[in-house]
Amino acid sequence: MLKIEDFSQKYNEKVVVKDLNLEVMDGEIYGFIGHNGAGKSTTIKSIVGILPVETGEIYINEMPISTNRKACQQISAYIPDNPDLYEYMTGIDYINFIADIFKVSKEDRVERIKKYGDAFEITGQLGDLISSYSHGMKQKVALIGAFVHSPKLLVLDEPFVGLDPKASAVLKQSMHELCAEGSSIFFSTHVLETAEVLCDRVGMIDHGNLILSGKVSELTKEKTLEEVFLENLEEQNA
């Protein structure tokens with residue numbers, strides 16, 4: 001579903017991602033792990049078309065995003081680490097706006113909005129202005145807006161920041177359900193415990209370099225994911 005080939009990106013002449021190669025298969029949850037400033041957000045912004053691909057190529061459903069950005073975005077959803085929503089809208093208006101863009105049928109949107117609104121315990125507040133929401137409530141509305149059109153690729157940047165424990169559990173379950181339908185998820189995190197229990201595979205990035213990638217089950221046979229990550233960091237910076 002997602003393939004990154006020889007991807008590099010600069011910021012103010014500084015290389016922030018270098019020769020990145022990775023692939024996310026259909027139905028897979030892929031965790032992109034690294035410290036702050038490692039290159040995670042830059043990679044994600046390029047995947048979703050916010051930043052242009054400078055070197056290499058990124059493919060979504062075998063389409064190169066450099067020449068098929070709109071088609072790629074039509075089957076994708078993106079939630080940034082700090083959701084920037086239209087605050088003059090109500091929550092339900094925003095979700096319906098997203099559903100309209102992706103041409104979700106009335107029947108499907110009603111069913112999905114109720115499902116996710118109830119699950120995230122925000123149904124009763126969807127008629128309120130987004131400007132009145134807390135960060136966590138905005139995150140929930142952004143997530144419902146993503147799930148309402150069942151994207152083939154869901155891209156999330158630190159999705160658990162600002163969510164309470166119950167909402168985090170709902171998000172994890174919803175991610176599994178989406179992938180069970182054949183979609184794929186690519187998300188960044190620095191919370192290694194979450195990645196260890198949630199992901200099928202992970203990639204570890206440090207100073208723009210992918211230092212390790214593989215199945216979680218194979219990487220954690222004898223050690224925790226945190227131990228694996230720290231050992232590879234030490235080797236990289238020795």
# chains A, B, ... in the order shown; residues from 1 in each chain; ligands from 1
>>> residues_around(residues="Ser188 (chain A)", least_positions_apart="5", cutoff="9 Å", atoms="only C-alpha atoms", output="PyMOL selection string")
chain A and resi 30-34+40-41+44+155-159
>>> residues_around(residues="region 1-10 of chain A", least_positions_apart="5", cutoff="9 Å", atoms="only C-alpha atoms", output="PyMOL selection string")
chain A and resi 15-27+42-43+46-47+52-62+152-153+183-184+186+208
>>> select_by_dssp(residues="region 118-230 of chain A", states="strand (DSSP E)", output="compact mmCIF listing (two decimals) with C-alpha atoms, in the first residue's frame")
# COMPACT_ATOMS: atom_id res chain seq x y z
CA LEU A 153 -4.01 4.34 4.00
CA LEU A 154 -4.24 6.07 7.38
CA VAL A 155 -1.24 8.21 8.32
CA LEU A 156 -0.95 9.40 11.92
CA ASP A 157 1.69 11.60 13.57
CA SER A 184 -2.92 -0.01 6.10
CA ILE A 185 -1.70 2.32 8.85
CA PHE A 186 1.57 4.20 9.10
CA PHE A 187 2.07 6.12 12.33
CA SER A 188 4.91 7.80 14.14
CA THR A 189 5.52 7.51 17.84
CA ARG A 201 6.35 -4.04 11.90
CA VAL A 202 8.39 -1.02 12.91
CA GLY A 203 11.10 1.17 11.44
CA MET A 204 13.57 3.03 13.64
CA ILE A 205 14.94 6.35 12.41
CA ASP A 206 17.81 8.37 13.88
CA ASN A 209 18.70 7.42 8.80
CA LEU A 210 16.64 4.23 9.03
CA ILE A 211 18.73 2.19 11.46
CA LEU A 212 16.46 -0.82 11.82
CA SER A 213 13.27 -2.25 10.32
CA GLY A 214 11.47 -5.51 10.85
CA LYS A 215 8.65 -7.50 12.38
>>> closest_residue(among="A:Val148, A:Ser105, A:Glu28, A:Gln236", to="Cys179 (chain A)", atoms="only C-alpha atoms")
A:Glu28
>>> residues_around(residues="Gly145 (chain A)", least_positions_apart="3", cutoff="8 Å", atoms="only C-alpha atoms", output="list in words")
Tyr94, Ile95, Asn96, Ile98, Ala99, Val141, Ala142, Val148 and His149 of chain A
>>> atom_distance(atom1="CA of Leu85 (chain A)", atom2="CA of Gly127 (chain A)")
14.8 Å
>>> atom_distance(atom1="CA of Ile122 (chain A)", atom2="CA of Gln74 (chain A)")
26.5 Å
>>> closest_residue(among="A:Ser168, A:Gln73, A:Asn82, A:Ser174", to="Thr194 (chain A)", atoms="only C-alpha atoms")
A:Ser168
>>> select_by_dssp(residues="region 51-152 of chain A", states="alpha helix (DSSP H)", output="PyMOL selection string")
chain A and resi 69-74+91-101+106-119+135-147
>>> write_last_selection(atoms="N, CA and C atoms", output="short mmCIF file (atom, residue, chain, number, x, y, z; two decimals), in the first residue's frame")
data_model
loop_
_atom_site.label_atom_id
_atom_site.label_comp_id
_atom_site.auth_asym_id
_atom_site.auth_seq_id
_atom_site.Cartn_x
_atom_site.Cartn_y
_atom_site.Cartn_z
N ARG A 69 -0.67 13.14 -6.84
CA ARG A 69 -0.94 13.56 -5.47
C ARG A 69 -2.43 13.51 -5.13
N LYS A 70 -3.27 14.01 -6.00
CA LYS A 70 -4.71 14.06 -5.72
C LYS A 70 -5.28 12.65 -5.60
N ALA A 71 -4.91 11.77 -6.52
CA ALA A 71 -5.42 10.40 -6.48
C ALA A 71 -4.96 9.68 -5.21
N CYS A 72 -3.73 9.96 -4.79
CA CYS A 72 -3.21 9.36 -3.55
C CYS A 72 -3.97 9.89 -2.33
N GLN A 73 -4.25 11.18 -2.34
CA GLN A 73 -4.95 11.78 -1.21
C GLN A 73 -6.40 11.32 -1.13
N GLN A 74 -6.97 10.93 -2.25
CA GLN A 74 -8.36 10.47 -2.26
C GLN A 74 -8.56 9.14 -1.54
N GLY A 91 -18.49 20.15 15.65
CA GLY A 91 -17.85 18.87 15.39
C GLY A 91 -18.55 18.08 14.30
N ILE A 92 -19.88 18.02 14.36
CA ILE A 92 -20.63 17.24 13.37
C ILE A 92 -20.54 17.86 11.99
N ASP A 93 -20.51 19.20 11.93
CA ASP A 93 -20.36 19.87 10.63
C ASP A 93 -19.01 19.53 10.01
N TYR A 94 -17.97 19.51 10.84
CA TYR A 94 -16.64 19.19 10.32
C TYR A 94 -16.58 17.76 9.78
N ILE A 95 -17.13 16.82 10.54
CA ILE A 95 -17.10 15.42 10.11
C ILE A 95 -17.90 15.23 8.82
N ASN A 96 -19.07 15.88 8.74
CA ASN A 96 -19.87 15.80 7.51
C ASN A 96 -19.16 16.47 6.34
N PHE A 97 -18.41 17.52 6.61
CA PHE A 97 -17.62 18.19 5.58
C PHE A 97 -16.59 17.22 5.00
N ILE A 98 -15.90 16.50 5.87
CA ILE A 98 -14.93 15.50 5.41
C ILE A 98 -15.64 14.39 4.65
N ALA A 99 -16.78 13.94 5.16
CA ALA A 99 -17.54 12.88 4.49
C ALA A 99 -17.99 13.33 3.10
N ASP A 100 -18.37 14.61 2.96
CA ASP A 100 -18.76 15.15 1.65
C ASP A 100 -17.59 15.11 0.68
N ILE A 101 -16.42 15.53 1.14
CA ILE A 101 -15.24 15.56 0.29
C ILE A 101 -14.94 14.18 -0.28
N LYS A 106 -24.89 8.76 2.71
CA LYS A 106 -25.59 9.16 3.93
C LYS A 106 -25.71 8.00 4.90
N GLU A 107 -26.03 6.84 4.37
CA GLU A 107 -26.19 5.65 5.21
C GLU A 107 -24.90 5.29 5.94
N ASP A 108 -23.79 5.28 5.20
CA ASP A 108 -22.51 4.92 5.79
C ASP A 108 -22.05 5.94 6.82
N ARG A 109 -22.20 7.22 6.49
CA ARG A 109 -21.71 8.25 7.42
C ARG A 109 -22.51 8.26 8.72
N VAL A 110 -23.82 8.08 8.63
CA VAL A 110 -24.64 8.05 9.85
C VAL A 110 -24.20 6.90 10.75
N GLU A 111 -23.98 5.75 10.14
CA GLU A 111 -23.57 4.56 10.90
C GLU A 111 -22.19 4.77 11.53
N ARG A 112 -21.25 5.29 10.76
CA ARG A 112 -19.88 5.44 11.25
C ARG A 112 -19.76 6.57 12.28
N ILE A 113 -20.47 7.67 12.07
CA ILE A 113 -20.41 8.77 13.04
C ILE A 113 -20.96 8.32 14.38
N LYS A 114 -22.04 7.55 14.36
CA LYS A 114 -22.59 7.04 15.62
C LYS A 114 -21.62 6.06 16.27
N LYS A 115 -21.06 5.17 15.45
CA LYS A 115 -20.14 4.16 15.98
C LYS A 115 -18.95 4.82 16.68
N TYR A 116 -18.27 5.73 15.96
CA TYR A 116 -17.05 6.32 16.52
C TYR A 116 -17.36 7.42 17.54
N GLY A 117 -18.46 8.15 17.34
CA GLY A 117 -18.84 9.16 18.32
C GLY A 117 -19.14 8.54 19.67
N ASP A 118 -19.88 7.43 19.65
CA ASP A 118 -20.19 6.72 20.89
C ASP A 118 -18.94 6.10 21.50
N ALA A 119 -18.11 5.51 20.66
CA ALA A 119 -16.90 4.85 21.15
C ALA A 119 -15.95 5.84 21.83
N HIS A 135 -8.00 19.94 23.65
CA HIS A 135 -7.13 19.30 22.66
C HIS A 135 -7.56 17.85 22.41
N GLY A 136 -7.89 17.14 23.48
CA GLY A 136 -8.29 15.75 23.34
C GLY A 136 -9.57 15.59 22.53
N MET A 137 -10.53 16.51 22.73
CA MET A 137 -11.78 16.45 21.97
C MET A 137 -11.54 16.74 20.50
N LYS A 138 -10.65 17.70 20.21
CA LYS A 138 -10.31 18.00 18.81
C LYS A 138 -9.66 16.78 18.16
N GLN A 139 -8.83 16.10 18.93
CA GLN A 139 -8.18 14.89 18.41
C GLN A 139 -9.21 13.83 18.07
N LYS A 140 -10.21 13.68 18.92
CA LYS A 140 -11.26 12.69 18.68
C LYS A 140 -12.05 13.03 17.41
N VAL A 141 -12.41 14.30 17.24
CA VAL A 141 -13.15 14.72 16.05
C VAL A 141 -12.32 14.49 14.80
N ALA A 142 -11.03 14.81 14.86
CA ALA A 142 -10.14 14.57 13.71
C ALA A 142 -10.08 13.09 13.38
N LEU A 143 -10.03 12.25 14.39
CA LEU A 143 -9.98 10.80 14.17
C LEU A 143 -11.27 10.30 13.55
N ILE A 144 -12.41 10.78 14.05
CA ILE A 144 -13.69 10.37 13.46
C ILE A 144 -13.75 10.81 12.00
N GLY A 145 -13.25 12.02 11.72
CA GLY A 145 -13.21 12.51 10.34
C GLY A 145 -12.36 11.63 9.44
N ALA A 146 -11.33 11.02 10.01
CA ALA A 146 -10.49 10.10 9.23
C ALA A 146 -11.17 8.76 9.03
N PHE A 147 -11.74 8.22 10.08
CA PHE A 147 -12.36 6.89 9.99
C PHE A 147 -13.66 6.91 9.21
#
>>> closest_residue(among="A:Ser66, A:Thr123, A:Asn232, A:Gln173", to="Ile50 (chain A)", atoms="only C-alpha atoms")
A:Ser66
>>> closest_residue(among="A:Leu192, A:Leu198, A:Val216, A:Leu171", to="Leu230 (chain A)", atoms="only C-alpha atoms")
A:Leu192
>>> decode(residues="region 77-110 of chain A", atoms="N, CA, C and O atoms", output="mmCIF file, in the first residue's frame")
data_model
loop_
_atom_site.group_PDB
_atom_site.id
_atom_site.type_symbol
_atom_site.label_atom_id
_atom_site.label_comp_id
_atom_site.auth_asym_id
_atom_site.auth_seq_id
_atom_site.Cartn_x
_atom_site.Cartn_y
_atom_site.Cartn_z
ATOM 1 N N ALA A 77 -5.909 9.201 4.565
ATOM 2 C CA ALA A 77 -6.318 10.131 5.619
ATOM 3 C C ALA A 77 -5.087 10.447 6.452
ATOM 4 O O ALA A 77 -4.213 9.590 6.651
ATOM 5 N N TYR A 78 -5.023 11.691 6.937
ATOM 6 C CA TYR A 78 -3.852 12.136 7.692
ATOM 7 C C TYR A 78 -4.292 12.889 8.939
ATOM 8 O O TYR A 78 -5.128 13.794 8.858
ATOM 9 N N ILE A 79 -3.735 12.518 10.076
ATOM 10 C CA ILE A 79 -3.971 13.223 11.331
ATOM 11 C C ILE A 79 -2.621 13.718 11.850
ATOM 12 O O ILE A 79 -1.763 12.908 12.216
ATOM 13 N N PRO A 80 -2.396 15.035 11.880
ATOM 14 C CA PRO A 80 -1.130 15.556 12.407
ATOM 15 C C PRO A 80 -1.073 15.447 13.921
ATOM 16 O O PRO A 80 -2.069 15.116 14.576
ATOM 17 N N ASP A 81 0.093 15.744 14.493
ATOM 18 C CA ASP A 81 0.243 15.636 15.943
ATOM 19 C C ASP A 81 -0.572 16.697 16.673
ATOM 20 O O ASP A 81 -0.934 16.519 17.841
ATOM 21 N N ASN A 82 -0.879 17.793 16.001
ATOM 22 C CA ASN A 82 -1.708 18.843 16.598
ATOM 23 C C ASN A 82 -2.812 19.185 15.608
ATOM 24 O O ASN A 82 -2.620 20.037 14.736
ATOM 25 N N PRO A 83 -3.973 18.516 15.692
ATOM 26 C CA PRO A 83 -5.023 18.713 14.688
ATOM 27 C C PRO A 83 -5.482 20.163 14.599
ATOM 28 O O PRO A 83 -5.862 20.766 15.595
ATOM 29 N N ASP A 84 -5.415 20.707 13.405
ATOM 30 C CA ASP A 84 -5.796 22.097 13.156
ATOM 31 C C ASP A 84 -7.136 22.086 12.428
ATOM 32 O O ASP A 84 -7.187 22.004 11.203
ATOM 33 N N LEU A 85 -8.231 22.165 13.182
ATOM 34 C CA LEU A 85 -9.568 22.059 12.620
ATOM 35 C C LEU A 85 -10.186 23.440 12.421
ATOM 36 O O LEU A 85 -9.682 24.443 12.924
ATOM 37 N N TYR A 86 -11.294 23.481 11.677
ATOM 38 C CA TYR A 86 -12.009 24.737 11.460
ATOM 39 C C TYR A 86 -12.838 25.047 12.704
ATOM 40 O O TYR A 86 -13.911 24.484 12.907
ATOM 41 N N GLU A 87 -12.359 25.953 13.529
ATOM 42 C CA GLU A 87 -12.954 26.155 14.833
ATOM 43 C C GLU A 87 -14.316 26.839 14.787
ATOM 44 O O GLU A 87 -15.052 26.825 15.776
ATOM 45 N N TYR A 88 -14.669 27.437 13.649
ATOM 46 C CA TYR A 88 -15.981 28.068 13.545
ATOM 47 C C TYR A 88 -17.067 27.040 13.219
ATOM 48 O O TYR A 88 -18.256 27.368 13.220
ATOM 49 N N MET A 89 -16.652 25.805 12.945
ATOM 50 C CA MET A 89 -17.597 24.730 12.674
ATOM 51 C C MET A 89 -17.936 23.992 13.968
ATOM 52 O O MET A 89 -17.175 24.021 14.940
ATOM 53 N N THR A 90 -19.058 23.284 13.962
ATOM 54 C CA THR A 90 -19.323 22.329 15.031
ATOM 55 C C THR A 90 -18.622 21.025 14.677
ATOM 56 O O THR A 90 -18.203 20.814 13.531
ATOM 57 N N GLY A 91 -18.494 20.148 15.653
ATOM 58 C CA GLY A 91 -17.847 18.868 15.392
ATOM 59 C C GLY A 91 -18.548 18.076 14.304
ATOM 60 O O GLY A 91 -17.902 17.537 13.400
ATOM 61 N N ILE A 92 -19.880 18.021 14.362
ATOM 62 C CA ILE A 92 -20.633 17.241 13.370
ATOM 63 C C ILE A 92 -20.541 17.863 11.989
ATOM 64 O O ILE A 92 -20.476 17.154 10.976
ATOM 65 N N ASP A 93 -20.505 19.202 11.933
ATOM 66 C CA ASP A 93 -20.357 19.870 10.634
ATOM 67 C C ASP A 93 -19.005 19.527 10.007
ATOM 68 O O ASP A 93 -18.917 19.290 8.796
ATOM 69 N N TYR A 94 -17.966 19.508 10.840
ATOM 70 C CA TYR A 94 -16.636 19.189 10.316
ATOM 71 C C TYR A 94 -16.584 17.759 9.776
ATOM 72 O O TYR A 94 -16.073 17.513 8.682
ATOM 73 N N ILE A 95 -17.127 16.821 10.539
ATOM 74 C CA ILE A 95 -17.104 15.423 10.106
ATOM 75 C C ILE A 95 -17.905 15.234 8.823
ATOM 76 O O ILE A 95 -17.480 14.532 7.899
ATOM 77 N N ASN A 96 -19.069 15.882 8.743
ATOM 78 C CA ASN A 96 -19.867 15.796 7.512
ATOM 79 C C ASN A 96 -19.157 16.466 6.336
ATOM 80 O O ASN A 96 -19.275 16.013 5.188
ATOM 81 N N PHE A 97 -18.415 17.522 6.614
ATOM 82 C CA PHE A 97 -17.622 18.192 5.580
ATOM 83 C C PHE A 97 -16.592 17.221 4.996
ATOM 84 O O PHE A 97 -16.443 17.107 3.769
ATOM 85 N N ILE A 98 -15.903 16.498 5.873
ATOM 86 C CA ILE A 98 -14.929 15.503 5.413
ATOM 87 C C ILE A 98 -15.636 14.388 4.648
ATOM 88 O O ILE A 98 -15.168 13.943 3.594
ATOM 89 N N ALA A 99 -16.779 13.941 5.163
ATOM 90 C CA ALA A 99 -17.539 12.884 4.489
ATOM 91 C C ALA A 99 -17.991 13.331 3.099
ATOM 92 O O ALA A 99 -18.005 12.532 2.153
ATOM 93 N N ASP A 100 -18.365 14.605 2.963
ATOM 94 C CA ASP A 100 -18.760 15.146 1.654
ATOM 95 C C ASP A 100 -17.592 15.112 0.676
ATOM 96 O O ASP A 100 -17.741 14.741 -0.491
ATOM 97 N N ILE A 101 -16.424 15.531 1.145
ATOM 98 C CA ILE A 101 -15.238 15.562 0.285
ATOM 99 C C ILE A 101 -14.941 14.175 -0.283
ATOM 100 O O ILE A 101 -14.612 14.029 -1.467
ATOM 101 N N PHE A 102 -15.099 13.161 0.567
ATOM 102 C CA PHE A 102 -14.781 11.794 0.148
ATOM 103 C C PHE A 102 -16.006 11.028 -0.351
ATOM 104 O O PHE A 102 -15.940 9.815 -0.547
ATOM 105 N N LYS A 103 -17.109 11.759 -0.532
ATOM 106 C CA LYS A 103 -18.327 11.187 -1.131
ATOM 107 C C LYS A 103 -18.822 9.945 -0.376
ATOM 108 O O LYS A 103 -19.174 8.920 -0.973
ATOM 109 N N VAL A 104 -18.865 10.053 0.940
ATOM 110 C CA VAL A 104 -19.387 8.975 1.773
ATOM 111 C C VAL A 104 -20.915 9.042 1.736
ATOM 112 O O VAL A 104 -21.508 10.102 1.914
ATOM 113 N N SER A 105 -21.565 7.915 1.511
ATOM 114 C CA SER A 105 -23.022 7.892 1.435
ATOM 115 C C SER A 105 -23.643 8.285 2.776
ATOM 116 O O SER A 105 -23.017 8.150 3.827
ATOM 117 N N LYS A 106 -24.887 8.757 2.711
ATOM 118 C CA LYS A 106 -25.590 9.162 3.932
ATOM 119 C C LYS A 106 -25.708 8.000 4.898
ATOM 120 O O LYS A 106 -25.501 8.149 6.114
ATOM 121 N N GLU A 107 -26.027 6.839 4.374
ATOM 122 C CA GLU A 107 -26.195 5.651 5.212
ATOM 123 C C GLU A 107 -24.902 5.291 5.939
ATOM 124 O O GLU A 107 -24.896 5.034 7.146
ATOM 125 N N ASP A 108 -23.792 5.281 5.198
ATOM 126 C CA ASP A 108 -22.508 4.916 5.791
ATOM 127 C C ASP A 108 -22.046 5.940 6.817
ATOM 128 O O ASP A 108 -21.548 5.588 7.883
ATOM 129 N N ARG A 109 -22.204 7.223 6.492
ATOM 130 C CA ARG A 109 -21.711 8.247 7.423
ATOM 131 C C ARG A 109 -22.510 8.256 8.717
ATOM 132 O O ARG A 109 -21.934 8.432 9.795
ATOM 133 N N VAL A 110 -23.821 8.082 8.633
ATOM 134 C CA VAL A 110 -24.641 8.053 9.845
ATOM 135 C C VAL A 110 -24.201 6.897 10.748
ATOM 136 O O VAL A 110 -24.029 7.059 11.965
#
